[in-house]
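Only one structure is covered here, and it is reproduced in the block below.
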Amino acid sequence: MTEAKAPASDLETVEQLQIFRDKIVSEIGKVIVGQRRIIDQLLISLLARGHCLLIGVPGLAKTLLISTLARVLNLKFSRIQFTPDLMPSDITGTELIEDDLTTGKKAFKFVKGPVFANIILADEINRTSPKTQAAMLQAMQEHEVTAAGETYILDEPFFVLATQNPIEQEGTYPLPEAQLDRFMFNLWVDYPSGEEEAQIVKSTTSAYMPELRIVLDKKDIIRLQDLVRRVPVADDVIDYAVKLVSLTRPNVNSAPKFIKDWISWGAGPRASQYLILGAKTRAVLEGRPTPDIEDVKSLAIPVLRHRLVTNFNAEADSVSTVEIIEKLMNQQKV
């Protein structure tokens with residue numbers, strides 16, 4: 001690790017990881033007031049090799065939070081402002097004709113785009129066309145980019161955080177379900193409390209400039225991502241996650257009546273995978289060697305929220321996706 005010698009065993013790593021998580025939160029707290037739940041979920045997603053979709057009104061420091069996380073983890077940060085005229089090559093990179101001074105001939109040279117970084121902020125991703133949105137799909141899923149017939153491997157760790165504004169929908173292109181499914185979490189960034197907002201105003205209107213320390217680096221993060229994959233999970237925890245996801249599908253015989261009434265399409269197998277990966281990561285971040293059912297429950301809303309397609313009945317009954325997920329968990333016996 002950056003601030004200590006590498007531990008000898010996975011169990012020692014788990015014990016140290018809890019300490020490092022607290023240090024990361026403390027460093028981010030020098031810049032960001034509150035948002036502890038969002039910070040924890042960002043760390044879970046990063047260590048589980050997932051991606052996040054952040055939804056919140058402007059001015060809630062989403063960009064500042066992500067850039068601060070990159071600084072504390074010593075990762076290369078890239079911000080892409082998605083606009084209607086953005087082209088796929090503006091993201092992946094483009095080929096330029098260049099003079100070869102040695103031979104005097106012209107040759108093509110690939111200039112890498114902003115996607116070649118460790119943490120990518122796809123700002124207002126729904127403001128660009130589906131063609132440009134699709135340019136992120138290969139990078140998010142395969143961690144590689146194909147341009148001009150050549151495939152380029154992206155540097156690890158690779159973490160995409162996309163933002164959306166829930167208010168201003170004019171001139172936007174809703175993300176298709178296939179792309180939404182690529183995001184591990186759908187996180188809603190809430191307004192700060194009155195006390196937190198007062199603290200924000202004090203810190204941002206003064207001359208104070210916080211000095212951030214690097215807590216982990218790229219090698220540490222990759223090693224911790226590998227550790228998450230080795231965390232053992234009990235069969236009853238996996239069974240709970242799989243059953244919870246399967247019950248969101250209205251065509252399953254055992255699905256509750258309210259699912260059949262309110263849901264058009266339920267979550268796919270990727271939801272079950274992310275529930276378990278998230279549970280494993282949450283456990284080790286809290287210093288526990290294996291996850292339990294409570295870990296799965298705590299992540300059900302951010303994992304499932306964007307994977308359930310509600311129908312007209314749900315809209316007519318003013319029922320939200322979150323309410324449906326909570327009702328399903330309350331009814332499922334452990």
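Scheme for the structure tokens: letters A, B, ... for chains in order shown; per-chain residue numbers from 1; ligand numbers from 1 in order shown.
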
Could you pull the residues within 10 Å of segment 215-221 of chain A, counting only C-alpha atoms, minus those fewer than 2 positions along the same chain, as a PDB file with C-alpha atoms, in the first residue's frame?
```pdb
ATOM      1  CA  MET A   1       0.000   0.000   0.000  1.00  0.00           C
ATOM      2  CA  THR A   2       1.088   3.606  -0.333  1.00  0.00           C
ATOM      3  CA  GLU A   3       1.237   4.400   3.379  1.00  0.00           C
ATOM      4  CA  ALA A   4       2.227   0.969   4.686  1.00  0.00           C
ATOM      5  CA  ALA A   6       1.849  -4.761   1.816  1.00  0.00           C
ATOM      6  CA  PHE A  20      -7.618   3.149   4.417  1.00  0.00           C
ATOM      7  CA  ARG A  21     -11.316   3.651   3.691  1.00  0.00           C
ATOM      8  CA  LYS A  23      -8.513   7.861   5.528  1.00  0.00           C
ATOM      9  CA  ILE A  24     -10.002   8.265   2.045  1.00  0.00           C
ATOM     10  CA  GLU A  27      -9.329  13.344   2.896  1.00  0.00           C
ATOM     11  CA  LEU A  46     -14.549   1.254  -7.956  1.00  0.00           C
ATOM     12  CA  LEU A  47     -13.222  -1.794  -6.074  1.00  0.00           C
ATOM     13  CA  ALA A  70      -9.153  10.875  -8.254  1.00  0.00           C
ATOM     14  CA  ARG A  71      -6.635  13.118  -6.457  1.00  0.00           C
ATOM     15  CA  VAL A  72      -6.792  11.128  -3.215  1.00  0.00           C
ATOM     16  CA  LEU A  73      -6.280   7.869  -5.155  1.00  0.00           C
ATOM     17  CA  ASN A  74      -3.584   9.387  -7.423  1.00  0.00           C
ATOM     18  CA  LEU A  75      -5.523   8.435 -10.576  1.00  0.00           C
ATOM     19  CA  LYS A  76      -5.626  10.218 -13.926  1.00  0.00           C
ATOM     20  CA  ASN A 118      -8.444   6.056 -14.964  1.00  0.00           C
ATOM     21  CA  ASP A 155      -5.136   1.714 -18.479  1.00  0.00           C
ATOM     22  CA  GLU A 156      -6.348   0.036 -15.260  1.00  0.00           C
ATOM     23  CA  PRO A 157      -8.159   0.811 -13.066  1.00  0.00           C
ATOM     24  CA  LEU A 212      -5.001  16.538   0.072  1.00  0.00           C
ATOM     25  CA  ARG A 213      -2.820  13.506   0.785  1.00  0.00           C
ATOM     26  CA  ARG A 223      -4.611  -5.422  -5.898  1.00  0.00           C
ATOM     27  CA  LEU A 224      -7.733  -4.602  -3.850  1.00  0.00           C
ATOM     28  CA  GLN A 225      -9.968  -5.233  -6.879  1.00  0.00           C
ATOM     29  CA  ASP A 226      -8.365  -8.679  -7.180  1.00  0.00           C
ATOM     30  CA  LEU A 227      -8.924  -9.240  -3.449  1.00  0.00           C
TER      31      LEU A 227
END
```

Can you tell me which residues surround Ser193 of chain A at a distance of at most 10 Å, considering only C-alpha atoms, apart from same-chain residues fewer than 5 positions away, and format the answer as an mmCIF file with N, CA and C atoms, in the first residue's frame?
```
data_model
loop_
_atom_site.group_PDB
_atom_site.id
_atom_site.type_symbol
_atom_site.label_atom_id
_atom_site.label_comp_id
_atom_site.auth_asym_id
_atom_site.auth_seq_id
_atom_site.Cartn_x
_atom_site.Cartn_y
_atom_site.Cartn_z
ATOM 1 N N GLY A 34 -20.404 16.296 3.874
ATOM 2 C CA GLY A 34 -21.466 15.293 3.849
ATOM 3 C C GLY A 34 -21.261 14.282 2.728
ATOM 4 N N ALA A 198 -24.613 25.251 5.464
ATOM 5 C CA ALA A 198 -23.927 26.366 6.127
ATOM 6 C C ALA A 198 -22.414 26.137 6.136
ATOM 7 N N GLN A 199 -22.023 24.885 6.370
ATOM 8 C CA GLN A 199 -20.593 24.532 6.371
ATOM 9 C C GLN A 199 -19.997 24.684 4.968
#
```

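Interatomic distance, atom CA of Leu11 of chain A to atom CA of Ala241 of chain A: 24.6 Å.
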
Would you mind listing what lies within 10 Å of Pro232 of chain A as a PyMOL selection string, with only C-alpha atoms counted and same-chain residues fewer than 6 positions away left out?
chain A and resi 280+289-291

List every residue of segment 137-304 of chain A that DSSP, applied to the backbone, labels as alpha helix (DSSP H), and write the result as a compact mmCIF listing (two decimals) with N, CA and C atoms, in the first residue's frame.
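This is the output file selection-v2.txt:
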```
# COMPACT_ATOMS: atom_id res chain seq x y z
N LEU A 137 -19.70 2.35 -24.71
CA LEU A 137 -20.08 0.98 -24.36
C LEU A 137 -18.90 0.03 -24.35
N GLN A 138 -18.12 0.02 -25.42
CA GLN A 138 -16.97 -0.89 -25.48
C GLN A 138 -15.96 -0.59 -24.39
N ALA A 139 -15.73 0.70 -24.15
CA ALA A 139 -14.77 1.08 -23.11
C ALA A 139 -15.24 0.60 -21.74
N MET A 140 -16.53 0.76 -21.44
CA MET A 140 -17.06 0.38 -20.13
C MET A 140 -17.07 -1.14 -19.94
N GLN A 141 -17.41 -1.88 -20.99
CA GLN A 141 -17.55 -3.32 -20.86
C GLN A 141 -16.23 -4.06 -21.04
N GLU A 142 -15.48 -3.71 -22.10
CA GLU A 142 -14.28 -4.45 -22.45
C GLU A 142 -12.99 -3.78 -21.96
N GLU A 177 -31.88 0.97 -22.29
CA GLU A 177 -31.76 0.01 -21.19
C GLU A 177 -30.45 -0.77 -21.26
N ALA A 178 -30.00 -1.11 -22.48
CA ALA A 178 -28.75 -1.87 -22.64
C ALA A 178 -27.56 -1.11 -22.07
N GLN A 179 -27.57 0.21 -22.25
CA GLN A 179 -26.46 1.00 -21.71
C GLN A 179 -26.64 1.24 -20.21
N LEU A 180 -27.87 1.45 -19.77
CA LEU A 180 -28.12 1.62 -18.33
C LEU A 180 -27.63 0.40 -17.55
N GLY A 194 -29.42 21.56 6.28
CA GLY A 194 -29.18 22.98 6.56
C GLY A 194 -27.82 23.21 7.18
N GLU A 195 -27.45 22.33 8.12
CA GLU A 195 -26.15 22.44 8.79
C GLU A 195 -25.00 22.24 7.80
N GLU A 196 -25.16 21.23 6.92
CA GLU A 196 -24.12 20.95 5.93
C GLU A 196 -23.99 22.11 4.94
N GLU A 197 -25.12 22.68 4.55
CA GLU A 197 -25.08 23.78 3.58
C GLU A 197 -24.39 25.01 4.17
N ALA A 198 -24.61 25.25 5.46
CA ALA A 198 -23.93 26.37 6.13
C ALA A 198 -22.41 26.14 6.14
N GLN A 199 -22.02 24.88 6.37
CA GLN A 199 -20.59 24.53 6.37
C GLN A 199 -20.00 24.68 4.97
N ILE A 200 -20.79 24.30 3.95
CA ILE A 200 -20.33 24.45 2.56
C ILE A 200 -20.08 25.91 2.23
N VAL A 201 -21.01 26.76 2.63
CA VAL A 201 -20.89 28.21 2.35
C VAL A 201 -19.65 28.77 3.04
N LYS A 202 -19.44 28.40 4.30
CA LYS A 202 -18.27 28.90 5.04
C LYS A 202 -16.97 28.50 4.37
N SER A 203 -16.87 27.23 3.98
CA SER A 203 -15.59 26.73 3.43
C SER A 203 -15.33 27.23 2.01
N THR A 204 -16.38 27.43 1.21
CA THR A 204 -16.18 27.82 -0.19
C THR A 204 -16.10 29.33 -0.39
N LYS A 218 -2.54 3.38 -8.05
CA LYS A 218 -3.09 2.44 -9.03
C LYS A 218 -2.82 0.99 -8.67
N LYS A 219 -1.59 0.69 -8.30
CA LYS A 219 -1.23 -0.70 -7.97
C LYS A 219 -2.04 -1.20 -6.78
N ASP A 220 -2.20 -0.35 -5.77
CA ASP A 220 -2.98 -0.73 -4.59
C ASP A 220 -4.42 -1.05 -4.98
N ILE A 221 -5.01 -0.19 -5.82
CA ILE A 221 -6.41 -0.37 -6.19
C ILE A 221 -6.61 -1.65 -6.98
N ILE A 222 -5.71 -1.92 -7.93
CA ILE A 222 -5.82 -3.16 -8.73
C ILE A 222 -5.69 -4.38 -7.81
N ARG A 223 -4.78 -4.30 -6.83
CA ARG A 223 -4.61 -5.42 -5.90
C ARG A 223 -5.87 -5.61 -5.05
N LEU A 224 -6.51 -4.51 -4.65
CA LEU A 224 -7.73 -4.60 -3.85
C LEU A 224 -8.91 -5.10 -4.70
N GLN A 225 -8.94 -4.72 -5.98
CA GLN A 225 -9.97 -5.23 -6.88
C GLN A 225 -9.84 -6.75 -7.03
N ASP A 226 -8.59 -7.23 -7.10
CA ASP A 226 -8.37 -8.68 -7.18
C ASP A 226 -8.78 -9.36 -5.88
N LEU A 227 -8.53 -8.69 -4.75
CA LEU A 227 -8.92 -9.24 -3.45
C LEU A 227 -10.44 -9.45 -3.38
N VAL A 228 -11.21 -8.47 -3.86
CA VAL A 228 -12.68 -8.57 -3.82
C VAL A 228 -13.14 -9.84 -4.51
N ARG A 229 -12.51 -10.19 -5.63
CA ARG A 229 -12.90 -11.39 -6.37
C ARG A 229 -12.63 -12.67 -5.57
N ARG A 230 -11.67 -12.60 -4.66
CA ARG A 230 -11.33 -13.81 -3.87
C ARG A 230 -12.16 -13.95 -2.60
N ASP A 235 -23.59 -19.69 0.33
CA ASP A 235 -24.62 -20.01 -0.66
C ASP A 235 -25.94 -19.32 -0.36
N ASP A 236 -26.28 -19.15 0.93
CA ASP A 236 -27.57 -18.53 1.25
C ASP A 236 -27.60 -17.06 0.85
N VAL A 237 -26.43 -16.39 0.86
CA VAL A 237 -26.35 -14.99 0.43
C VAL A 237 -26.56 -14.89 -1.08
N ILE A 238 -25.91 -15.80 -1.82
CA ILE A 238 -26.09 -15.83 -3.29
C ILE A 238 -27.54 -16.16 -3.63
N ASP A 239 -28.11 -17.14 -2.92
CA ASP A 239 -29.50 -17.54 -3.18
C ASP A 239 -30.46 -16.37 -2.95
N TYR A 240 -30.20 -15.58 -1.88
CA TYR A 240 -31.06 -14.43 -1.59
C TYR A 240 -30.99 -13.41 -2.73
N ALA A 241 -29.75 -13.11 -3.20
CA ALA A 241 -29.58 -12.12 -4.27
C ALA A 241 -30.25 -12.58 -5.56
N VAL A 242 -30.06 -13.84 -5.91
CA VAL A 242 -30.63 -14.38 -7.15
C VAL A 242 -32.16 -14.39 -7.08
N LYS A 243 -32.69 -14.79 -5.92
CA LYS A 243 -34.14 -14.84 -5.77
C LYS A 243 -34.74 -13.44 -5.81
N LEU A 244 -34.08 -12.48 -5.16
CA LEU A 244 -34.57 -11.10 -5.15
C LEU A 244 -34.66 -10.56 -6.58
N VAL A 245 -33.62 -10.81 -7.36
CA VAL A 245 -33.60 -10.32 -8.75
C VAL A 245 -34.65 -11.04 -9.59
N SER A 246 -34.76 -12.36 -9.43
CA SER A 246 -35.73 -13.12 -10.24
C SER A 246 -37.17 -12.70 -9.95
N LYS A 257 -47.92 -10.29 -6.97
CA LYS A 257 -48.93 -9.67 -7.84
C LYS A 257 -48.56 -8.24 -8.19
N PHE A 258 -48.00 -7.48 -7.20
CA PHE A 258 -47.68 -6.08 -7.49
C PHE A 258 -46.56 -5.96 -8.54
N ILE A 259 -45.68 -6.94 -8.63
CA ILE A 259 -44.65 -6.95 -9.67
C ILE A 259 -45.31 -7.15 -11.04
N LYS A 260 -46.22 -8.10 -11.11
CA LYS A 260 -46.94 -8.35 -12.37
C LYS A 260 -47.78 -7.14 -12.78
N ASP A 261 -48.29 -6.41 -11.78
CA ASP A 261 -49.15 -5.25 -12.06
C ASP A 261 -48.35 -4.03 -12.49
N TRP A 262 -47.16 -3.83 -11.90
CA TRP A 262 -46.44 -2.57 -12.06
C TRP A 262 -45.19 -2.64 -12.94
N PRO A 269 -29.50 -10.95 -15.24
CA PRO A 269 -28.48 -11.59 -14.41
C PRO A 269 -27.36 -10.67 -13.95
N ARG A 270 -27.10 -9.59 -14.72
CA ARG A 270 -26.04 -8.67 -14.30
C ARG A 270 -26.36 -8.04 -12.95
N ALA A 271 -27.66 -7.89 -12.63
CA ALA A 271 -28.05 -7.33 -11.33
C ALA A 271 -27.62 -8.27 -10.20
N SER A 272 -27.82 -9.57 -10.39
CA SER A 272 -27.40 -10.55 -9.37
C SER A 272 -25.89 -10.51 -9.17
N GLN A 273 -25.15 -10.41 -10.28
CA GLN A 273 -23.69 -10.35 -10.19
C GLN A 273 -23.25 -9.12 -9.41
N TYR A 274 -23.85 -7.97 -9.73
CA TYR A 274 -23.45 -6.73 -9.06
C TYR A 274 -23.87 -6.71 -7.59
N LEU A 275 -24.99 -7.35 -7.26
CA LEU A 275 -25.39 -7.43 -5.85
C LEU A 275 -24.35 -8.18 -5.04
N ILE A 276 -23.86 -9.29 -5.58
CA ILE A 276 -22.86 -10.08 -4.86
C ILE A 276 -21.50 -9.38 -4.84
N LEU A 277 -21.08 -8.83 -5.97
CA LEU A 277 -19.80 -8.10 -5.99
C LEU A 277 -19.84 -6.91 -5.04
N GLY A 278 -20.97 -6.20 -5.04
CA GLY A 278 -21.11 -5.06 -4.14
C GLY A 278 -21.12 -5.49 -2.68
N ALA A 279 -21.80 -6.61 -2.39
CA ALA A 279 -21.85 -7.11 -1.01
C ALA A 279 -20.46 -7.51 -0.53
N LYS A 280 -19.71 -8.17 -1.40
CA LYS A 280 -18.34 -8.57 -1.05
C LYS A 280 -17.47 -7.35 -0.75
N THR A 281 -17.60 -6.32 -1.62
CA THR A 281 -16.79 -5.11 -1.44
C THR A 281 -17.19 -4.37 -0.18
N ARG A 282 -18.48 -4.27 0.07
CA ARG A 282 -18.96 -3.57 1.27
C ARG A 282 -18.45 -4.26 2.53
N ALA A 283 -18.43 -5.59 2.50
CA ALA A 283 -17.96 -6.34 3.67
C ALA A 283 -16.49 -6.05 3.95
N VAL A 284 -15.63 -6.15 2.92
CA VAL A 284 -14.20 -5.95 3.17
C VAL A 284 -13.89 -4.50 3.52
N LEU A 285 -14.65 -3.55 2.99
CA LEU A 285 -14.44 -2.15 3.36
C LEU A 285 -14.76 -1.91 4.83
N ILE A 293 -26.46 -11.26 4.19
CA ILE A 293 -27.65 -10.83 3.45
C ILE A 293 -27.91 -9.34 3.62
N GLU A 294 -27.56 -8.78 4.78
CA GLU A 294 -27.75 -7.35 5.00
C GLU A 294 -26.95 -6.51 4.01
N ASP A 295 -25.77 -7.02 3.61
CA ASP A 295 -24.96 -6.30 2.61
C ASP A 295 -25.70 -6.25 1.28
N VAL A 296 -26.33 -7.35 0.91
CA VAL A 296 -27.10 -7.40 -0.34
C VAL A 296 -28.28 -6.43 -0.25
N LYS A 297 -29.01 -6.46 0.86
CA LYS A 297 -30.17 -5.58 1.04
C LYS A 297 -29.78 -4.11 0.95
N SER A 298 -28.64 -3.75 1.53
CA SER A 298 -28.23 -2.34 1.56
C SER A 298 -27.91 -1.80 0.17
N LEU A 299 -27.62 -2.69 -0.78
CA LEU A 299 -27.24 -2.25 -2.13
C LEU A 299 -28.33 -2.52 -3.16
N ALA A 300 -29.45 -3.08 -2.71
CA ALA A 300 -30.52 -3.46 -3.65
C ALA A 300 -31.06 -2.27 -4.43
N ILE A 301 -31.27 -1.14 -3.75
CA ILE A 301 -31.87 0.02 -4.43
C ILE A 301 -30.93 0.60 -5.50
N PRO A 302 -29.66 0.92 -5.19
CA PRO A 302 -28.80 1.46 -6.26
C PRO A 302 -28.53 0.48 -7.40
N VAL A 303 -28.57 -0.83 -7.13
CA VAL A 303 -28.33 -1.83 -8.18
C VAL A 303 -29.56 -2.03 -9.05
N LEU A 304 -30.76 -2.04 -8.44
CA LEU A 304 -31.98 -2.39 -9.16
C LEU A 304 -32.75 -1.18 -9.71
```

Write out as a short mmCIF file (atom, residue, chain, number, x, y, z; two decimals) with C-alpha atoms, in the first residue's frame the residues lying within 12 Å of Pro84 of chain A, counting only C-alpha atoms and excluding same-chain residues fewer than 2 positions away.
```cif
data_model
loop_
_atom_site.label_atom_id
_atom_site.label_comp_id
_atom_site.auth_asym_id
_atom_site.auth_seq_id
_atom_site.Cartn_x
_atom_site.Cartn_y
_atom_site.Cartn_z
CA GLN A 81 -18.78 17.35 -21.33
CA PHE A 82 -21.45 15.57 -23.35
CA LEU A 86 -20.08 15.65 -29.53
CA MET A 87 -18.75 12.96 -31.89
CA PRO A 88 -17.48 9.44 -30.97
CA GLU A 124 -24.65 14.98 -18.62
CA ILE A 125 -24.30 11.83 -20.71
CA ASN A 126 -27.92 12.03 -21.87
CA ARG A 127 -27.29 15.32 -23.72
CA THR A 128 -25.48 13.64 -26.62
CA SER A 129 -26.77 11.43 -29.44
CA PRO A 130 -27.12 7.63 -29.08
CA LYS A 131 -24.26 7.17 -31.57
CA THR A 132 -21.89 9.07 -29.29
CA GLN A 133 -23.30 7.43 -26.14
CA GLU A 170 -35.52 19.15 -23.05
CA GLY A 171 -33.01 18.25 -25.77
CA THR A 172 -31.87 15.03 -24.09
CA TYR A 173 -31.55 11.46 -25.36
#
```

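Restricting the calculation to only C-alpha atoms, the smallest distance between Ser78 of chain A and any of A:Asp100, A:Thr248, A:Pro58, A:Ala162 is found for A:Ala162.
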
* Any idea what the distance is between atom CA of Arg249 of chain A and atom CA of Ile263 of chain A? ->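 Between these atoms lies a distance of 7.5 Å.
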
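When atom CA of Ile119 of chain A is paired with atom CA of Arg305 of chain A, their separation reads 23.3 Å.
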
Residue with the minimum atom-to-atom distance to Ala234 of chain A, picked from A:Val322, A:Ile44, A:Ile80, A:Asp292 with only C-alpha atoms counted, is A:Asp292

Segment 58-146 of chain A: which residues are strand (DSSP E) by DSSP, as a ChimeraX atom specification? /A:77-81,93-99,106-112,119-123,144-146
